[in-house]
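Asker: Dropping in input11.cif, which is mmCIF, C-alpha atoms:
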```
data_entry
loop_
_atom_site.label_atom_id
_atom_site.label_comp_id
_atom_site.auth_asym_id
_atom_site.auth_seq_id
_atom_site.Cartn_x
_atom_site.Cartn_y
_atom_site.Cartn_z
CA MET A 6 21.95 -4.94 -13.14
CA THR A 7 19.25 -2.47 -12.14
CA ILE A 8 15.66 -3.59 -11.80
CA ASN A 9 12.93 -0.98 -11.72
CA TRP A 10 9.57 -2.25 -10.55
CA THR A 11 6.11 -0.99 -9.73
CA ARG A 12 3.14 -2.65 -8.10
CA GLY A 13 0.20 -3.57 -10.25
CA GLY A 14 -0.27 -4.62 -13.80
CA ASP A 15 -2.55 -6.98 -15.61
CA ALA A 16 -1.66 -10.54 -14.62
CA ASN A 17 -3.84 -12.09 -17.35
CA GLY A 18 -1.71 -14.26 -19.57
CA THR A 19 1.04 -14.87 -17.04
CA SER A 20 2.02 -18.45 -16.35
CA LEU A 21 4.43 -20.49 -14.29
CA ILE A 22 8.03 -20.04 -15.33
CA GLY A 23 9.84 -21.02 -12.15
CA GLU A 24 9.82 -21.25 -8.40
CA ILE A 25 11.57 -19.38 -5.61
CA THR A 26 11.97 -20.22 -1.96
CA ILE A 27 11.56 -17.12 0.16
CA SER A 28 9.73 -16.32 3.36
CA TYR A 29 6.47 -14.42 3.42
CA ASP A 30 8.05 -11.84 5.73
CA ARG A 31 10.87 -11.20 3.29
CA LEU A 32 8.41 -10.74 0.41
CA VAL A 33 6.49 -8.21 2.49
CA ARG A 34 9.73 -6.34 3.28
CA LEU A 35 10.65 -6.26 -0.40
CA PHE A 36 7.29 -5.61 -2.07
CA GLY A 37 4.84 -4.56 0.65
CA LYS A 38 1.67 -6.32 1.71
CA PRO A 39 0.26 -8.71 -0.88
CA ASP A 40 -2.90 -8.37 -2.85
CA LYS A 41 -5.65 -10.79 -1.89
CA GLY A 42 -5.43 -14.29 -3.22
CA SER A 43 -7.32 -15.77 -6.12
CA GLY A 44 -10.61 -16.22 -4.29
CA ASP A 45 -10.85 -19.90 -5.21
CA GLY A 46 -8.52 -20.98 -2.40
CA LYS A 47 -5.60 -21.84 -4.66
CA THR A 48 -3.58 -18.81 -3.56
CA ASP A 49 -3.71 -16.77 -0.35
CA ALA A 50 -1.33 -13.97 -1.29
CA GLU A 51 -0.27 -12.50 -4.61
CA TRP A 52 2.07 -9.77 -5.72
CA THR A 53 1.73 -8.44 -9.26
CA LEU A 54 4.76 -6.44 -10.30
CA THR A 55 5.96 -4.82 -13.48
CA ILE A 56 9.71 -5.21 -13.85
CA ASN A 57 11.37 -3.65 -16.87
CA ASN A 58 8.05 -3.65 -18.77
CA GLN A 59 7.36 -7.33 -17.97
CA VAL A 60 4.46 -8.34 -15.73
CA VAL A 61 5.60 -10.72 -12.99
CA THR A 62 3.40 -12.47 -10.44
CA ILE A 63 4.55 -13.98 -7.17
CA TYR A 64 2.08 -16.16 -5.29
CA ASN A 65 1.75 -19.24 -3.13
CA TRP A 66 0.10 -22.09 -5.03
CA LYS A 67 -2.04 -24.52 -3.10
CA ASP A 68 0.04 -24.44 0.08
CA GLY A 69 -1.57 -21.71 2.16
CA ARG A 70 -4.21 -21.57 4.84
CA SER A 71 -7.12 -21.73 2.40
CA ILE A 72 -6.09 -25.02 0.85
CA LEU A 73 -4.91 -26.60 4.11
CA ARG A 74 -8.32 -26.04 5.74
CA ARG A 75 -10.02 -28.31 3.20
#
```
Turn the structure described in the file into structure tokens.
Answerer:
Amino acid sequence: MTINWTRGGDANGTSLIGEITISYDRLVRLFGKPDKGSGDGKTDAEWTLTINNQVVTIYNWKDGRSILRR
């Protein structure tokens, strides 16, 4: 299977479908540095990708530095 992906895309309308366990460093090696988080502290890092014409978001949810400082 070949997956073609690009950075960016409109993440509006995406929702949780599943979870993966992967290190931050590995995500950076695969997809580059993340976009900034949500701004409300719920995510610290986000990647928005388009894979085979489907928008995919990868992010940490309420487990990063922002939420742990509260």
Asker: What does the distance between CA of Asn58 (chain A) and CA of Arg34 (chain A) come to in Å, to one decimal place?
Answerer: 22.3 Å
Asker: Taking every listed atom of region 50-57 of chain A and adding 8 Å to each side, what centre and edge lengths in Å (one decimal) does the axis-aligned box have, as lines of an AutoDock Vina configuration file?
Answerer:
```
center_x = 5.0
center_y = -8.8
center_z = -9.1
size_x = 28.7
size_y = 26.3
size_z = 31.6
```
Asker: Find the residues around region 16-31 of chain A up to 8 Å (all atoms listed in the file counted), leave out those fewer than 3 positions away in its own chain, and share them as a PDB file with C-alpha atoms, in the coordinates of the input.
Answerer:
```pdb
ATOM      1  CA  ARG A  34       9.730  -6.340   3.280  1.00  0.00           C
ATOM      2  CA  LEU A  35      10.650  -6.260  -0.400  1.00  0.00           C
ATOM      3  CA  THR A  53       1.730  -8.440  -9.260  1.00  0.00           C
ATOM      4  CA  VAL A  60       4.460  -8.340 -15.730  1.00  0.00           C
ATOM      5  CA  VAL A  61       5.600 -10.720 -12.990  1.00  0.00           C
ATOM      6  CA  THR A  62       3.400 -12.470 -10.440  1.00  0.00           C
TER       7      THR A  62
END
```
Asker: Skip Gly13 (chain A) itself and residues of its chain fewer than 4 positions away, then list as a compact mmCIF listing (two decimals) with C-alpha atoms, in the coordinates of the input all residues within 8 Å of it, counting all atoms listed in the file.
Answerer:
```txt
# COMPACT_ATOMS: atom_id res chain seq x y z
CA TRP A 52 2.07 -9.77 -5.72
CA THR A 53 1.73 -8.44 -9.26
CA LEU A 54 4.76 -6.44 -10.30
CA THR A 55 5.96 -4.82 -13.48
```
Asker: By how many Å are CA of Leu32 (chain A) and CA of Thr48 (chain A) apart?
Answerer: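 Interatomic distance here is 15.0 Å.
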Asker: Please indicate the distance in Å from CA of Asn65 (chain A) to CA of Asp49 (chain A), rounded to one decimal place.
Answerer: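 So the answer is 6.6 Å.
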